[in-house]
$ cat upload-v2.cif   # mmCIF, C-alpha atoms
data_entry
#
loop_
_atom_site.label_atom_id
_atom_site.label_comp_id
_atom_site.auth_asym_id
_atom_site.auth_seq_id
_atom_site.Cartn_x
_atom_site.Cartn_y
_atom_site.Cartn_z
CA MET A 110 124.24 160.58 156.74
CA ALA A 111 121.93 161.49 154.01
CA ALA A 112 123.73 159.18 151.63
CA SER A 113 123.36 156.21 153.96
CA ALA A 114 119.66 156.87 154.43
CA VAL A 115 119.11 156.86 150.70
CA SER A 116 121.02 153.64 150.19
CA SER A 117 119.03 151.84 152.87
CA ARG A 118 115.79 152.83 151.19
CA LEU A 119 116.87 151.60 147.74
CA GLN A 120 117.65 148.12 148.79
CA ILE A 121 115.63 145.71 146.77
CA LYS A 122 114.56 142.50 148.34
CA ARG A 123 115.39 139.50 146.33
CA PRO A 124 112.45 137.16 146.08
CA GLY A 125 112.97 133.62 147.35
CA ARG A 126 113.76 130.95 144.81
CA THR A 127 110.58 130.00 142.98
CA ARG A 128 110.06 126.49 141.66
CA ALA A 129 109.77 126.12 137.95
CA ARG A 130 106.43 124.49 137.14
CA ILE A 131 106.28 122.06 134.29
CA GLY A 132 103.20 122.54 132.19
CA LEU A 133 101.34 119.25 131.99
CA THR A 134 99.13 120.36 129.12
CA SER A 135 101.85 119.99 126.51
CA LEU A 136 102.96 116.68 128.03
CA ILE A 137 99.41 115.30 127.79
CA ASP A 138 99.22 116.48 124.16
CA VAL A 139 102.43 114.62 123.28
CA ILE A 140 101.25 111.44 125.01
CA PHE A 141 97.90 111.65 123.20
CA ILE A 142 99.63 112.06 119.82
CA LEU A 143 101.90 109.06 120.56
CA LEU A 144 98.86 107.00 121.57
CA ILE A 145 97.11 107.81 118.29
CA PHE A 146 100.27 107.03 116.31
CA PHE A 147 100.72 103.60 117.89
CA MET A 148 97.03 102.79 117.52
CA LEU A 149 97.21 103.52 113.80
CA ALA A 150 100.56 101.81 113.26
CA THR A 151 99.69 98.56 115.04
CA ARG A 152 98.27 95.56 113.21
CA PHE A 153 95.89 93.37 115.13
CA GLU A 154 96.43 90.19 113.12
CA VAL A 155 97.15 86.82 114.62
CA TRP A 156 100.66 85.68 113.75
CA GLN A 157 101.07 81.98 113.13
CA ALA A 158 104.06 79.91 112.19
CA LEU A 159 104.13 77.55 109.26
CA ASP A 160 106.74 74.81 109.28
CA VAL A 161 108.47 74.64 105.92
CA SER A 162 111.31 72.27 105.19
CA ALA A 163 113.31 71.82 102.02
CA GLY A 164 113.02 68.68 99.94
CA LYS A 165 115.50 65.92 100.47
CA ALA A 166 118.30 65.43 97.96
CA GLY A 167 117.90 62.26 95.91
CA ALA A 168 114.38 61.59 97.17
CA ALA A 169 112.30 59.49 94.81
CA PRO A 170 109.36 61.29 93.22
CA SER A 171 105.97 60.47 94.64
CA GLU A 172 103.95 57.88 92.72
CA THR A 173 100.66 59.46 93.70
CA ARG A 174 99.18 62.17 91.52
CA PRO A 175 99.65 65.55 93.23
CA LEU A 176 96.63 67.65 93.98
CA HIS A 177 96.88 71.02 92.20
CA VAL A 178 94.88 73.75 93.96
CA LYS A 179 94.36 77.30 92.72
CA ILE A 180 93.63 79.87 95.38
CA HIS A 181 91.44 82.80 94.35
CA PRO A 182 91.03 86.14 96.15
CA GLY A 183 88.76 86.01 99.15
CA GLY A 184 89.59 82.41 100.06
CA ALA A 185 87.94 80.53 97.19
CA PHE A 186 89.70 77.34 96.07
CA GLU A 187 89.68 75.56 92.73
CA ILE A 188 90.41 71.84 92.27
CA ASP A 189 89.95 70.20 88.85
CA GLY A 190 87.88 73.18 87.67
CA ALA A 191 85.47 73.04 90.62
CA ARG A 192 85.37 76.17 92.76
CA LEU A 193 85.02 75.51 96.49
CA ASP A 194 84.79 77.57 99.66
CA GLY A 195 86.97 76.84 102.72
CA ASP A 196 84.65 74.22 104.31
CA ALA A 197 84.07 72.36 101.03
CA PHE A 198 87.82 72.45 100.33
CA SER A 199 88.57 70.93 103.74
CA THR A 200 85.94 68.21 103.20
CA ARG A 201 87.35 67.44 99.74
CA LEU A 202 90.89 67.13 101.13
CA LYS A 203 89.73 64.80 103.90
CA SER A 204 87.95 62.59 101.35
CA GLU A 205 91.07 62.54 99.14
CA GLY A 206 93.30 61.69 102.07
CA LYS A 207 91.73 58.49 103.38
CA ASP A 208 94.94 56.62 102.54
CA GLY A 209 97.12 59.65 103.18
CA LEU A 210 96.82 62.99 101.45
CA PRO A 211 98.77 63.20 98.19
CA PRO A 212 101.26 66.06 97.70
CA VAL A 213 99.41 69.37 97.39
CA PHE A 214 100.50 72.21 95.11
CA LEU A 215 99.04 75.60 96.01
CA GLU A 216 99.00 78.19 93.23
CA PRO A 217 97.71 81.72 93.78
CA ALA A 218 95.36 82.94 91.07
CA GLY A 219 95.44 86.57 89.94
CA GLY A 220 94.79 88.95 92.82
CA ALA A 221 95.16 86.35 95.58
CA ARG A 222 96.86 87.71 98.68
CA LEU A 223 99.46 86.02 100.85
CA ALA A 224 96.83 85.67 103.58
CA ASP A 225 94.66 83.62 101.17
CA LEU A 226 97.62 81.37 100.40
CA MET A 227 98.43 80.85 104.09
CA HIS A 228 94.77 80.10 104.82
CA GLY A 229 94.91 77.36 102.18
CA ALA A 230 98.12 75.99 103.71
CA GLU A 231 96.43 75.84 107.13
CA ILE A 232 93.51 73.89 105.69
CA VAL A 233 95.90 71.44 104.00
CA ARG A 234 97.84 70.93 107.25
CA GLY A 235 94.56 70.50 109.16
CA ALA A 236 93.46 67.80 106.72
CA GLY A 237 96.66 65.85 107.36
CA GLY A 238 98.74 67.07 104.44
CA GLN A 239 102.41 66.17 104.82
CA THR A 240 103.79 67.47 101.53
CA LEU A 241 102.86 71.01 100.56
CA SER A 242 104.42 73.06 97.76
CA PHE A 243 103.78 76.58 96.57
CA VAL A 244 103.71 77.22 92.84
CA ASP A 245 104.17 80.68 91.42
CA PRO A 246 101.75 81.73 88.66
CA GLN A 247 104.44 81.18 85.98
CA GLY A 248 104.54 77.51 86.91
CA GLN A 249 107.76 77.21 88.93
CA GLU A 250 107.60 75.30 92.20
CA ASN A 251 108.73 77.19 95.32
CA GLY A 252 109.72 75.40 98.50
CA GLY A 253 107.86 72.56 100.02
CA GLY A 254 107.52 70.54 103.15
CA GLU A 255 107.87 66.92 104.07
#
$ encode --input "upload-v2.cif" --output "structure tokens"
Amino acid sequence: MAASAVSSRLQIKRPGRTRARIGLTSLIDVIFILLIFFMLATRFEVWQALDVSAGKAGAAPSETRPLHVKIHPGGAFEIDGARLDGDAFSTRLKSEGKDGLPPVFLEPAGGARLADLMHGAEIVRGAGGQTLSFVDPQGQENGGGE
């Protein structure tokens, strides 16, 4: 009897199943780090499309003198040695294009960014330009549009 009394006293109660709690502090930290990452990695620029088509095979060269435009960093334009800002460039193109704008060659000057070149292309399109070509600084024509 003594042995049974001892065994009944040594019984250990098993605690009921406890729920595992997920710590939200580390989850919030991870979400905050992801938020910062995506804020830093995102560009907030407006994307615009520019229609570019290849020249036609066997097309006759234009009889009008093309307009050669150099684009400088910061959006300055140069036509026939005269340096113009965006508004003056647009006005000059509209005055040139009373009978239809001649073909326009855009050439980036040293340090000009792609954004400057695209800004010039938008101004040409806005002035009614139908034929637009890009010229690399070494003098080779790249692409064009009809």
$ atom_distance --input "upload-v2.cif" --atom1 "CA of Pro211 (chain A)" --atom2 "CA of Thr240 (chain A)"
7.4 Å
$ atom_distance --input "upload-v2.cif" --atom1 "CA of Lys179 (chain A)" --atom2 "CA of Arg234 (chain A)"
16.2 Å
$ resolve_selection --input "upload-v2.cif" --expression "the PyMOL selection byres ((chain A and resi 239) around 9)" --output "ChimeraX atom specification"
/A:209-213,233-234,237-238,240-241,254-255
$ atom_distance --input "upload-v2.cif" --atom1 "CA of Phe186 (chain A)" --atom2 "CA of Gly229 (chain A)"
8.0 Å
$ closest_residue --input "upload-v2.cif" --among "A:Ile180, A:Ala191, A:Ile232, A:Ala218" --to "Lys203 (chain A)" --atoms "all atoms listed in the file"
A:Ile232
$ build_atoms --input "upload-v2.cif" --residues "region 118-149 of chain A" --atoms "N, CA and C atoms" --output "tab-separated table (two decimals), in the frame of the given file"
chain	number	residue	atom	x	y	z
A	118	ARG	N	117.14	152.86	151.75
A	118	ARG	CA	115.79	152.83	151.19
A	118	ARG	C	115.76	152.14	149.83
A	119	LEU	N	116.85	152.15	149.10
A	119	LEU	CA	116.87	151.60	147.74
A	119	LEU	C	117.21	150.12	147.69
A	120	GLN	N	117.34	149.54	148.81
A	120	GLN	CA	117.65	148.12	148.79
A	120	GLN	C	116.43	147.34	148.28
A	121	ILE	N	116.71	146.51	147.36
A	121	ILE	CA	115.63	145.71	146.77
A	121	ILE	C	115.71	144.31	147.34
A	122	LYS	N	114.60	143.85	147.79
A	122	LYS	CA	114.56	142.50	148.34
A	122	LYS	C	114.54	141.51	147.20
A	123	ARG	N	115.42	140.57	147.33
A	123	ARG	CA	115.39	139.50	146.33
A	123	ARG	C	114.32	138.49	146.71
A	124	PRO	N	113.49	138.14	145.73
A	124	PRO	CA	112.45	137.16	146.08
A	124	PRO	C	113.10	135.79	146.30
A	125	GLY	N	112.47	134.96	147.12
A	125	GLY	CA	112.97	133.62	147.35
A	125	GLY	C	112.93	132.81	146.06
A	126	ARG	N	113.68	131.76	146.03
A	126	ARG	CA	113.76	130.95	144.81
A	126	ARG	C	112.40	130.32	144.52
A	127	THR	N	111.88	130.57	143.35
A	127	THR	CA	110.58	130.00	142.98
A	127	THR	C	110.82	128.70	142.19
A	128	ARG	N	109.94	127.76	142.36
A	128	ARG	CA	110.06	126.49	141.66
A	128	ARG	C	109.52	126.64	140.24
A	129	ALA	N	110.24	126.09	139.33
A	129	ALA	CA	109.77	126.12	137.95
A	129	ALA	C	108.68	125.06	137.81
A	130	ARG	N	107.54	125.43	137.30
A	130	ARG	CA	106.43	124.49	137.14
A	130	ARG	C	106.43	123.97	135.72
A	131	ILE	N	106.34	122.67	135.61
A	131	ILE	CA	106.28	122.06	134.29
A	131	ILE	C	104.83	122.01	133.86
A	132	GLY	N	104.57	122.54	132.69
A	132	GLY	CA	103.20	122.54	132.19
A	132	GLY	C	102.80	121.14	131.72
A	133	LEU	N	101.78	120.60	132.34
A	133	LEU	CA	101.34	119.25	131.99
A	133	LEU	C	100.49	119.22	130.73
A	134	THR	N	99.98	120.33	130.31
A	134	THR	CA	99.13	120.36	129.12
A	134	THR	C	99.89	119.90	127.89
A	135	SER	N	101.09	120.40	127.69
A	135	SER	CA	101.85	119.99	126.51
A	135	SER	C	102.29	118.53	126.63
A	136	LEU	N	102.58	118.07	127.83
A	136	LEU	CA	102.96	116.68	128.03
A	136	LEU	C	101.80	115.75	127.70
A	137	ILE	N	100.60	116.10	128.10
A	137	ILE	CA	99.41	115.30	127.79
A	137	ILE	C	99.18	115.29	126.29
A	138	ASP	N	99.39	116.42	125.62
A	138	ASP	CA	99.22	116.48	124.16
A	138	ASP	C	100.18	115.52	123.46
A	139	VAL	N	101.43	115.51	123.89
A	139	VAL	CA	102.43	114.62	123.28
A	139	VAL	C	102.06	113.17	123.51
A	140	ILE	N	101.64	112.82	124.71
A	140	ILE	CA	101.25	111.44	125.01
A	140	ILE	C	100.04	111.04	124.16
A	141	PHE	N	99.09	111.94	124.01
A	141	PHE	CA	97.90	111.65	123.20
A	141	PHE	C	98.28	111.42	121.74
A	142	ILE	N	99.18	112.23	121.22
A	142	ILE	CA	99.63	112.06	119.82
A	142	ILE	C	100.36	110.73	119.66
A	143	LEU	N	101.22	110.36	120.63
A	143	LEU	CA	101.90	109.06	120.56
A	143	LEU	C	100.90	107.91	120.63
A	144	LEU	N	99.89	108.04	121.46
A	144	LEU	CA	98.86	107.00	121.57
A	144	LEU	C	98.15	106.81	120.24
A	145	ILE	N	97.77	107.89	119.60
A	145	ILE	CA	97.11	107.81	118.29
A	145	ILE	C	98.05	107.19	117.26
A	146	PHE	N	99.31	107.59	117.26
A	146	PHE	CA	100.27	107.03	116.31
A	146	PHE	C	100.38	105.51	116.46
A	147	PHE	N	100.56	105.03	117.69
A	147	PHE	CA	100.72	103.60	117.89
A	147	PHE	C	99.44	102.83	117.62
A	148	MET	N	98.29	103.46	117.86
A	148	MET	CA	97.03	102.79	117.52
A	148	MET	C	96.90	102.61	116.01
A	149	LEU	N	97.32	103.60	115.26
A	149	LEU	CA	97.21	103.52	113.80
A	149	LEU	C	98.29	102.64	113.18
